[in-house]
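J.: data_30.cif is the file, holding mmCIF, C-alpha atoms:
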data_data
#
loop_
_atom_site.label_atom_id
_atom_site.label_comp_id
_atom_site.auth_asym_id
_atom_site.auth_seq_id
_atom_site.Cartn_x
_atom_site.Cartn_y
_atom_site.Cartn_z
CA MET A 1 59.01 78.45 119.61
CA PRO A 2 61.46 81.29 119.30
CA ILE A 3 61.00 84.72 117.80
CA TRP A 4 63.21 85.84 114.91
CA VAL A 5 63.53 89.56 114.19
CA ASP A 6 64.69 91.06 110.91
CA ALA A 7 66.37 93.81 112.91
CA ASP A 8 68.02 96.06 110.32
CA ALA A 9 64.87 98.12 109.70
CA CYS A 10 62.95 97.32 112.88
CA PRO A 11 61.86 100.42 114.85
CA VAL A 12 63.58 100.85 118.22
CA VAL A 13 60.26 100.86 120.09
CA VAL A 14 59.39 97.45 118.59
CA LYS A 15 62.78 96.07 119.65
CA GLU A 16 62.08 97.33 123.19
CA ILE A 17 58.64 95.66 123.22
CA LEU A 18 60.20 92.39 122.03
CA CYS A 19 62.94 92.51 124.67
CA ARG A 20 60.41 93.07 127.46
CA ALA A 21 58.27 90.20 126.14
CA ALA A 22 61.30 87.88 125.89
CA GLU A 23 62.07 88.47 129.55
CA ARG A 24 58.49 88.28 130.78
CA TRP A 25 57.56 85.17 128.78
CA LYS A 26 61.06 83.59 128.89
CA ILE A 27 61.10 83.08 125.14
CA THR A 28 64.23 83.13 123.01
CA THR A 29 64.21 86.18 120.77
CA THR A 30 66.98 86.59 118.21
CA PHE A 31 67.68 89.88 116.44
CA VAL A 32 69.40 89.26 113.10
CA ALA A 33 71.12 92.18 111.37
CA ASN A 34 74.16 93.10 109.32
CA GLN A 35 75.19 95.67 111.92
CA PRO A 36 75.67 95.46 115.69
CA ILE A 37 72.38 95.55 117.63
CA ARG A 38 72.26 96.73 121.25
CA VAL A 39 70.04 94.65 123.49
CA PRO A 40 69.80 94.27 127.25
CA PRO A 41 71.71 91.36 128.81
CA SER A 42 69.40 88.37 129.07
CA PRO A 43 69.56 84.62 128.56
CA TYR A 44 66.48 85.00 126.32
CA ILE A 45 67.66 87.84 124.06
CA LYS A 46 70.25 87.08 121.40
CA THR A 47 71.77 88.91 118.48
CA ARG A 48 73.23 87.46 115.35
CA GLN A 49 75.30 89.75 113.17
CA VAL A 50 75.62 88.59 109.57
CA SER A 51 77.87 89.91 106.83
CA GLN A 52 76.83 92.79 104.61
CA GLY A 53 74.97 91.85 101.47
CA PHE A 54 71.59 91.64 99.86
CA ASP A 55 69.21 89.36 101.83
CA VAL A 56 71.98 87.91 104.04
CA ALA A 57 69.97 88.52 107.23
CA ASP A 58 66.81 87.20 105.55
CA ASP A 59 68.59 84.03 104.46
CA GLU A 60 69.95 83.49 107.99
CA ILE A 61 66.46 83.77 109.47
CA VAL A 62 64.96 81.35 106.94
CA ASP A 63 67.82 78.86 107.49
CA GLN A 64 67.38 78.92 111.29
CA LEU A 65 63.62 79.08 111.82
CA SER A 66 61.36 76.12 112.47
CA GLU A 67 57.67 75.54 111.97
CA GLY A 68 55.64 77.51 114.51
CA ASP A 69 58.32 80.15 115.15
CA LEU A 70 57.42 83.82 114.89
CA VAL A 71 59.17 86.14 112.44
CA ILE A 72 58.97 89.92 112.70
CA THR A 73 59.78 91.62 109.40
CA GLN A 74 58.71 94.32 106.99
CA ASP A 75 60.30 92.35 104.14
CA ILE A 76 57.53 90.70 102.12
CA PRO A 77 59.74 88.15 100.29
CA LEU A 78 61.19 87.07 103.67
CA ALA A 79 57.65 86.82 105.04
CA ALA A 80 56.67 84.58 102.11
CA GLU A 81 59.62 82.24 102.69
CA ALA A 82 58.96 82.09 106.44
CA ILE A 83 55.28 81.28 105.88
CA GLU A 84 56.32 78.54 103.46
CA LYS A 85 58.41 77.01 106.26
CA GLY A 86 55.45 77.14 108.66
CA ALA A 87 56.31 80.25 110.65
CA GLU A 88 53.86 82.90 111.74
CA VAL A 89 54.81 86.36 110.49
CA PHE A 90 53.82 89.91 111.21
CA ASN A 91 55.38 93.28 110.64
CA PRO A 92 56.37 95.96 113.17
CA ARG A 93 52.97 97.62 112.65
CA GLY A 94 51.21 94.44 113.82
CA GLU A 95 49.92 93.43 110.37
CA ALA A 96 49.92 89.66 109.90
CA PHE A 97 51.29 88.03 106.77
CA THR A 98 49.42 84.78 106.12
CA LYS A 99 49.06 82.09 103.48
CA ASP A 100 45.84 83.85 102.49
CA ASN A 101 47.32 87.32 101.91
CA ILE A 102 51.02 86.87 101.08
CA ARG A 103 50.56 86.38 97.31
CA GLN A 104 48.60 89.62 97.10
CA ARG A 105 51.21 91.42 99.24
CA LEU A 106 54.02 90.16 96.96
CA ALA A 107 52.14 91.26 93.84
CA MET A 108 51.50 94.72 95.30
CA ARG A 109 55.13 95.03 96.38
CA ASN A 110 56.32 94.15 92.88
CA PHE A 111 53.83 96.54 91.28
CA MET A 112 54.92 99.40 93.54
CA ALA A 113 58.59 98.65 92.77
CA GLU A 114 57.81 98.91 89.05
CA MET A 115 55.98 102.20 89.62
CA ARG A 116 58.92 103.59 91.62
CA ASP A 117 61.36 102.46 88.94
CA ALA A 118 59.25 104.31 86.37
CA GLY A 119 59.25 107.44 88.53
CA GLN A 120 55.51 107.24 89.20
CA VAL A 121 55.65 106.82 92.98
CA THR A 122 57.74 108.76 95.45
CA GLY A 123 57.96 108.65 99.21
CA GLY A 124 57.70 105.74 101.55
CA PRO A 125 55.40 104.44 104.24
CA ALA A 126 53.88 106.72 106.84
CA SER A 127 56.00 107.35 109.91
CA PHE A 128 55.66 104.87 112.77
CA SER A 129 52.84 106.01 115.06
CA GLN A 130 51.56 105.33 118.57
CA SER A 131 48.69 103.32 117.05
CA ASP A 132 51.26 101.21 115.12
CA ARG A 133 53.10 100.55 118.38
CA LYS A 134 49.86 99.49 120.09
CA ALA A 135 48.82 97.27 117.15
CA PHE A 136 52.21 95.52 117.27
CA ALA A 137 52.11 95.04 121.05
CA ASP A 138 48.56 93.67 120.86
CA GLN A 139 49.42 91.26 118.03
CA LEU A 140 52.54 90.04 119.89
CA ASP A 141 50.55 89.57 123.10
CA ARG A 142 47.93 87.49 121.26
CA TRP A 143 50.67 85.31 119.71
CA LEU A 144 52.40 84.82 123.07
CA GLN A 145 49.16 83.86 124.81
CA ARG A 146 48.19 81.48 122.00
CA ASN A 147 51.59 79.78 122.11
CA SER A 148 52.38 79.96 125.82
CA ASN A 149 52.07 76.20 126.25
CA HIS A 150 54.94 75.64 123.78
CA TYR A 151 57.74 77.32 125.79
#
What is this file in structure tokens?

T.:
Amino acid sequence: MPIWVDADACPVVVKEILCRAAERWKITTTFVANQPIRVPPSPYIKTRQVSQGFDVADDEIVDQLSEGDLVITQDIPLAAEAIEKGAEVFNPRGEAFTKDNIRQRLAMRNFMAEMRDAGQVTGGPASFSQSDRKAFADQLDRWLQRNSNHY
């Protein structure tokens, strides 16, 4: 049950947490991005560089993942596709995307995009905090413990 990481926009601290977990739990973790990603040498940590282009990394993750895998992404459409294929998904802030909440998250994403396009909304998400880091680490730890009998 590998971990797939949408690595282009993933905070460095989250990548570090994932690399430590890959080593400790001996679980294959693949960082997919359209630029080179630096990771420590390990038989459990892999990178996959894809060509530039809209959703190329997302498509690669969806093509490669299997039911039960974990996907780490901030991209809500990618999260929706991964859930549809049976993956578990959460973002770098530790928030889970599920069958129960993904439709609402997609609708809110689309609404906010329309508001931005109309000039009604400016700015982005809050900066990544220590509490975000802890929430991610806790969520990852729970997933690893729940799935430890699979790897």

J.: Between A:Ala96, A:Val5, A:Ala22, A:Val32, which residue has the minimum interatomic distance to A:Gln49, considering all atoms listed in the file?

T.: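 The shortest atom-to-atom distance to A:Gln49 comes from A:Val32.
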
J.: So which one's closest to A:Ala33, A:Glu16, A:Asp59, A:Asp100, A:Asp138? Using all atoms listed in the file, please.

T.: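 Checking each of A:Glu16, A:Asp59, A:Asp100, A:Asp138 against A:Ala33, counting all atoms listed in the file, the winner is A:Asp59.
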
J.: Can you measure atom CA of A:Trp4 to atom CA of A:Leu70 for me? One decimal in Å is fine.

T.: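 That distance, rounded to one decimal, is 6.1 Å.
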
J.: Give me, as a list in words, all polymer residues having an atom no more than 8 Å from A:Thr29, counting only C-alpha atoms and skipping those fewer than 6 positions away in the same chain.

T.: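 The neighbour list is Pro2, Ile3, Trp4, Val5, Leu18, Cys19, Ala22, Tyr44, Ile45 and Lys46 of chain A.
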
J.: Would you pick out the contacts of A:Trp25 at 8 Å or less, using only C-alpha atoms, so that residues sharing its chain but fewer than 4 positions from it are not included, and give the list as a count of residues only?

T.: 3

J.: Please enumerate the residues selected by the PyMOL selection byres ((chain A and resi 65) around 8) when evaluated against the supplied file, formatted as JSON, numbers by chain.

T.: {"A": [4, 61, 62, 63, 64, 66, 67, 69, 82, 85, 87]}

J.: Mind checking which residues fall within 12 Å of stretch 52-58 of chain A, counting all atoms listed in the file, ignoring those fewer than 4 positions away in the same chain, and posting them as a PyMOL selection string?

T.: chain A and resi 4-9+30-36+47-48+62-65+71-82

J.: Out of A:Met108, A:Ile83, A:Ile37, A:Val89, which residue has the shortest atom-to-atom distance to A:Leu140 when counting only C-alpha atoms?

T.: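 Among A:Met108, A:Ile83, A:Ile37, A:Val89, it is A:Val89 that comes nearest to A:Leu140.
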
J.: Any chance you could resolve the PyMOL selection byres ((chain A and resi 128) around 12) against this file and give the residues as a list in words?

T.: Ala9, Cys10, Pro11, Val12, Val13, Val14, Asn91, Pro92, Arg93, Gly94, Gly124, Pro125, Ala126, Ser127, Ser129, Gln130, Ser131, Asp132, Arg133, Lys134, Ala135 and Phe136 of chain A

J.: Calculate how many Å separate atom CA of A:Ile17 from atom CA of A:Ala137, rounding to one decimal.

T.: 6.9 Å

J.: Expressed in Å to a single decimal, how great is the separation between atom CA of A:Ser42 and atom CA of A:Glu23?

T.: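 Between these atoms lies a distance of 7.3 Å.
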
J.: Considering all atoms listed in the file, can you say which of A:Pro43, A:Glu88, A:Arg38, A:Glu95 comes closest to A:Arg24?

T.: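 Distance minimum relative to A:Arg24 lands on A:Pro43.
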
J.: Please define a box with edges along x, y and z of the file around all atoms of stretch 49-63 of chain A given in the file, extend it by 8 Å on each side, and return its centre and edge lengths in Å to one decimal, as JSON.

T.:
{"center_x": 71.4, "center_y": 85.8, "center_z": 106.5, "size_x": 28.9, "size_y": 29.9, "size_z": 29.3}
